[in-house]
Amino acid sequence: MKITHLTSAHPRYDTRIFLKECTSLAKIDNYEVSLIVADNKGDEVKHNIHIYDVGKLHGRINRMFKTTKNVLQKAIELDSDIYHLHDPELMPVGIKLKKMGKKVIFDAHEDVPKQLMSKPYLNQFLLKILAKSFAIYEKHTTQKFDYIVSATPIIRDKFAAYNPKSVDIKNYPMLDELATVEIPWQDKKDAVCYVGGITESRGIKEIVKSLQYLDTVKLNLAGNFIEKKVEAEVKSYDTWNKVTEYGFVDREKISEILTESKVGLVTLHPLISYQEALPIKMFEYMATGLPVVASNFPMWKEIVEGNKCGICVDPLDPKEIAEAINYIISNPKEAEQMGENGRKSVLEKYNWGIEEKKLFKVYEELEK
């Protein structure tokens, strides 16, 4: 069976698309897996997946119209049995493929209407109109697809209201992805870490400010600043001298940073798009045996406090963040147990091996 995944916006080695979904499907003997991307890096074969590049065009308008047209042309050329779409702008491509008698899966990485409404710096009246219009179009379009795959249960439930063939396949970590050399708890440094893209809404200001309430604690920061003004402001804080900035690093270095730290931070701001998300970094911290300090969103509290693997806080309160960090570092036995609880919960239920089986089931159904 020929399977093609399509993206006009994501990088070719995207964790969800390439490393998890495509790589898992390529393990099945009778599946021939391809991936269409748009990045100007050329065609290649990797992990037994054929990657086809349709070229990158600058500008959102070009991407939404010209790039999607190029993606469609390549998809038709490949003449696959199942097409798996990963971007909202590819919905029209999916409809055209359906008219050609192909089976189409739409992968909803996020709730787009809610994500639009979580942009406070844009005109709210126009955003409401745009979000409502997109929601109508999304409903009309996706109910025609053969399957909807969603990154979270909340997004799944939204689509299930008008397409019963909906399933959540969550971005849980691969168990072998973060293999680490164990360091005894007493030998770890008094350090916390944040790994991922760095923005104001992901809590970087409050994290760095929290260090003023912590005497000996350092922050290991791995990732790129996305907003230059925010970067300049944060680096002007008195507490910046307590930060070790690594920038963008590979998986091996991330593993080293997590292993040496005592707390993993995921204190994202209370935006709708974050409150209903399942951040991969939270589960990566847990998989490495790190206690977590996370935002006090209901779904996150159920995971973190329900599994006794960390503390949930008000992400907008630097002092509360500091108090949680201080509690974990000051109580090593309890902290070590939190780490073990997190690791155990990932091994038992929050891992890609479980989600992979759900992905296989979707494709088995569509084979019939």
# chains A, B, ... in the order shown; residues from 1 in each chain; ligands from 1
>>> residues_around(residues="A:Ala294", least_positions_apart="3", cutoff="6 Å", atoms="only C-alpha atoms", output="MDAnalysis selection string")
chainID A and resid 266:267 312
>>> residues_around(residues="A:Asn70", least_positions_apart="5", cutoff="12 Å", atoms="only C-alpha atoms", output="PyMOL selection string")
chain A and resi 6-8+36-38+52-57+62-65+75-77+90+93
>>> closest_residue(among="A:Lys209, A:Lys170, A:Lys46, A:Arg60", to="A:Ile280", atoms="only C-alpha atoms")
A:Lys170
>>> residues_around(residues="A:Tyr327", least_positions_apart="4", cutoff="12 Å", atoms="only C-alpha atoms", output="ChimeraX atom specification")
/A:214,262-263,291-293,310-311,320-323,331-335,338
>>> residues_around(residues="A:Val195", least_positions_apart="6", cutoff="12 Å", atoms="only C-alpha atoms", output="ChimeraX atom specification")
/A:202-204,219-225,245-251,253-258,261,263-267,279-285
>>> closest_residue(among="A:Ala324, A:Leu19, A:Ala191, A:Leu116", to="A:Thr259", atoms="only C-alpha atoms")
A:Ala191
>>> select_by_dssp(residues="stretch 194-244 of chain A", states="strand (DSSP E or B)", output="VMD selection string")
chain A and resid 194 to 195 198 218 to 222 225 243 to 244
>>> atom_distance(atom1="atom CA of A:Phe18", atom2="atom CA of A:Ala161")
28.6 Å
>>> closest_residue(among="A:Val192, A:Met286, A:Leu25, A:Leu127", to="A:Ile303", atoms="only C-alpha atoms")
A:Met286
>>> residues_around(residues="stretch 29-33 of chain A", least_positions_apart="2", cutoff="8 Å", atoms="only C-alpha atoms", output="list in words")
Met1, Lys2, Ile3, Thr4, His5, Cys22, Leu25, Ala26, Lys27, Leu35, Asn48, Ile49 and His50 of chain A
>>> write_last_selection(atoms="N, CA and C atoms", output="PDB file, in the first residue's frame")
ATOM      1  N   MET A   1       0.843  -1.193   0.000  1.00  0.00           N
ATOM      2  CA  MET A   1       0.000   0.000   0.000  1.00  0.00           C
ATOM      3  C   MET A   1       0.878   1.243   0.000  1.00  0.00           C
ATOM      4  N   LYS A   2       0.566   2.187  -0.881  1.00  0.00           N
ATOM      5  CA  LYS A   2       1.336   3.424  -0.982  1.00  0.00           C
ATOM      6  C   LYS A   2       0.707   4.502  -0.109  1.00  0.00           C
ATOM      7  N   ILE A   3       1.537   5.067   0.775  1.00  0.00           N
ATOM      8  CA  ILE A   3       1.088   6.082   1.731  1.00  0.00           C
ATOM      9  C   ILE A   3       1.935   7.336   1.534  1.00  0.00           C
ATOM     10  N   THR A   4       1.278   8.492   1.490  1.00  0.00           N
ATOM     11  CA  THR A   4       2.026   9.740   1.381  1.00  0.00           C
ATOM     12  C   THR A   4       1.549  10.735   2.433  1.00  0.00           C
ATOM     13  N   HIS A   5       2.488  11.245   3.207  1.00  0.00           N
ATOM     14  CA  HIS A   5       2.213  12.331   4.151  1.00  0.00           C
ATOM     15  C   HIS A   5       2.576  13.640   3.461  1.00  0.00           C
ATOM     16  N   CYS A  22       5.624   8.779  10.234  1.00  0.00           N
ATOM     17  CA  CYS A  22       6.186   8.178   9.017  1.00  0.00           C
ATOM     18  C   CYS A  22       7.125   7.019   9.338  1.00  0.00           C
ATOM     19  N   LEU A  25       5.149   3.920  10.399  1.00  0.00           N
ATOM     20  CA  LEU A  25       4.466   3.274   9.270  1.00  0.00           C
ATOM     21  C   LEU A  25       5.451   2.569   8.343  1.00  0.00           C
ATOM     22  N   ALA A  26       6.662   3.117   8.211  1.00  0.00           N
ATOM     23  CA  ALA A  26       7.663   2.527   7.319  1.00  0.00           C
ATOM     24  C   ALA A  26       8.164   1.181   7.831  1.00  0.00           C
ATOM     25  N   LYS A  27       7.888   0.868   9.087  1.00  0.00           N
ATOM     26  CA  LYS A  27       8.290  -0.430   9.647  1.00  0.00           C
ATOM     27  C   LYS A  27       7.393  -1.564   9.155  1.00  0.00           C
ATOM     28  N   LEU A  35       6.929  11.192   1.891  1.00  0.00           N
ATOM     29  CA  LEU A  35       6.641  12.448   2.578  1.00  0.00           C
ATOM     30  C   LEU A  35       6.931  13.600   1.626  1.00  0.00           C
ATOM     31  N   ASN A  48      13.976   4.633   5.268  1.00  0.00           N
ATOM     32  CA  ASN A  48      13.127   3.936   4.302  1.00  0.00           C
ATOM     33  C   ASN A  48      11.904   4.756   3.892  1.00  0.00           C
ATOM     34  N   ILE A  49      11.985   6.086   4.082  1.00  0.00           N
ATOM     35  CA  ILE A  49      10.907   6.995   3.704  1.00  0.00           C
ATOM     36  C   ILE A  49      11.400   7.850   2.532  1.00  0.00           C
ATOM     37  N   HIS A  50      10.642   7.897   1.460  1.00  0.00           N
ATOM     38  CA  HIS A  50      10.989   8.717   0.304  1.00  0.00           C
ATOM     39  C   HIS A  50      10.494  10.145   0.545  1.00  0.00           C
TER      40      HIS A  50
END
>>> closest_residue(among="A:Asn307, A:Asn326, A:Thr15, A:Thr239", to="A:Glu348", atoms="only C-alpha atoms")
A:Asn307
>>> select_by_dssp(residues="stretch 208-264 of chain A", states="alpha helix (DSSP H)", output="PyMOL selection string")
chain A and resi 208-210+228-234+251-260
>>> write_last_selection(atoms="N, CA and C atoms", output="mmCIF file, in the first residue's frame")
data_model
loop_
_atom_site.group_PDB
_atom_site.id
_atom_site.type_symbol
_atom_site.label_atom_id
_atom_site.label_comp_id
_atom_site.auth_asym_id
_atom_site.auth_seq_id
_atom_site.Cartn_x
_atom_site.Cartn_y
_atom_site.Cartn_z
ATOM 1 N N VAL A 208 13.082 33.589 34.391
ATOM 2 C CA VAL A 208 14.334 34.273 34.740
ATOM 3 C C VAL A 208 14.139 35.150 35.982
ATOM 4 N N LYS A 209 12.981 35.784 36.099
ATOM 5 C CA LYS A 209 12.702 36.598 37.287
ATOM 6 C C LYS A 209 12.633 35.747 38.557
ATOM 7 N N SER A 210 12.186 34.498 38.428
ATOM 8 C CA SER A 210 12.061 33.628 39.603
ATOM 9 C C SER A 210 13.411 33.356 40.262
ATOM 10 N N LYS A 228 13.036 38.927 19.355
ATOM 11 C CA LYS A 228 14.266 39.665 19.658
ATOM 12 C C LYS A 228 14.076 40.670 20.789
ATOM 13 N N LYS A 229 12.932 41.342 20.846
ATOM 14 C CA LYS A 229 12.680 42.315 21.916
ATOM 15 C C LYS A 229 12.632 41.621 23.271
ATOM 16 N N VAL A 230 12.015 40.475 23.305
ATOM 17 C CA VAL A 230 11.936 39.704 24.547
ATOM 18 C C VAL A 230 13.324 39.233 24.953
ATOM 19 N N GLU A 231 14.110 38.796 23.990
ATOM 20 C CA GLU A 231 15.481 38.362 24.281
ATOM 21 C C GLU A 231 16.289 39.493 24.909
ATOM 22 N N ALA A 232 16.188 40.683 24.311
ATOM 23 C CA ALA A 232 16.940 41.832 24.830
ATOM 24 C C ALA A 232 16.496 42.186 26.247
ATOM 25 N N GLU A 233 15.194 42.143 26.496
ATOM 26 C CA GLU A 233 14.689 42.477 27.824
ATOM 27 C C GLU A 233 15.151 41.470 28.874
ATOM 28 N N VAL A 234 14.998 40.202 28.564
ATOM 29 C CA VAL A 234 15.343 39.156 29.527
ATOM 30 C C VAL A 234 16.838 39.180 29.855
ATOM 31 N N ARG A 251 19.847 16.333 20.140
ATOM 32 C CA ARG A 251 19.177 15.486 21.137
ATOM 33 C C ARG A 251 20.156 14.981 22.196
ATOM 34 N N GLU A 252 21.387 14.708 21.786
ATOM 35 C CA GLU A 252 22.381 14.202 22.740
ATOM 36 C C GLU A 252 22.666 15.237 23.820
ATOM 37 N N LYS A 253 22.813 16.504 23.414
ATOM 38 C CA LYS A 253 23.079 17.561 24.381
ATOM 39 C C LYS A 253 21.865 17.820 25.265
ATOM 40 N N ILE A 254 20.675 17.740 24.698
ATOM 41 C CA ILE A 254 19.454 17.897 25.496
ATOM 42 C C ILE A 254 19.410 16.832 26.584
ATOM 43 N N SER A 255 19.740 15.620 26.190
ATOM 44 C CA SER A 255 19.753 14.516 27.156
ATOM 45 C C SER A 255 20.718 14.804 28.305
ATOM 46 N N GLU A 256 21.885 15.343 27.964
ATOM 47 C CA GLU A 256 22.890 15.687 28.980
ATOM 48 C C GLU A 256 22.373 16.774 29.919
ATOM 49 N N ILE A 257 21.728 17.797 29.364
ATOM 50 C CA ILE A 257 21.197 18.910 30.164
ATOM 51 C C ILE A 257 20.119 18.410 31.122
ATOM 52 N N LEU A 258 19.220 17.577 30.614
ATOM 53 C CA LEU A 258 18.149 17.049 31.458
ATOM 54 C C LEU A 258 18.709 16.187 32.586
ATOM 55 N N THR A 259 19.700 15.386 32.259
ATOM 56 C CA THR A 259 20.277 14.486 33.256
ATOM 57 C C THR A 259 20.950 15.250 34.391
ATOM 58 N N GLU A 260 21.584 16.366 34.067
ATOM 59 C CA GLU A 260 22.320 17.129 35.082
ATOM 60 C C GLU A 260 21.420 18.031 35.932
#
>>> closest_residue(among="A:Glu364, A:Glu355, A:Glu138, A:Asp79", to="A:Val167", atoms="only C-alpha atoms")
A:Glu355
>>> atom_distance(atom1="atom CA of A:Ala108", atom2="atom CA of A:Pro270")
20.9 Å
>>> closest_residue(among="A:Val243, A:Leu175, A:Met91, A:Met117", to="A:Leu271", atoms="only C-alpha atoms")
A:Met117
>>> atom_distance(atom1="atom CA of A:Pro184", atom2="atom CA of A:Thr244")
21.8 Å
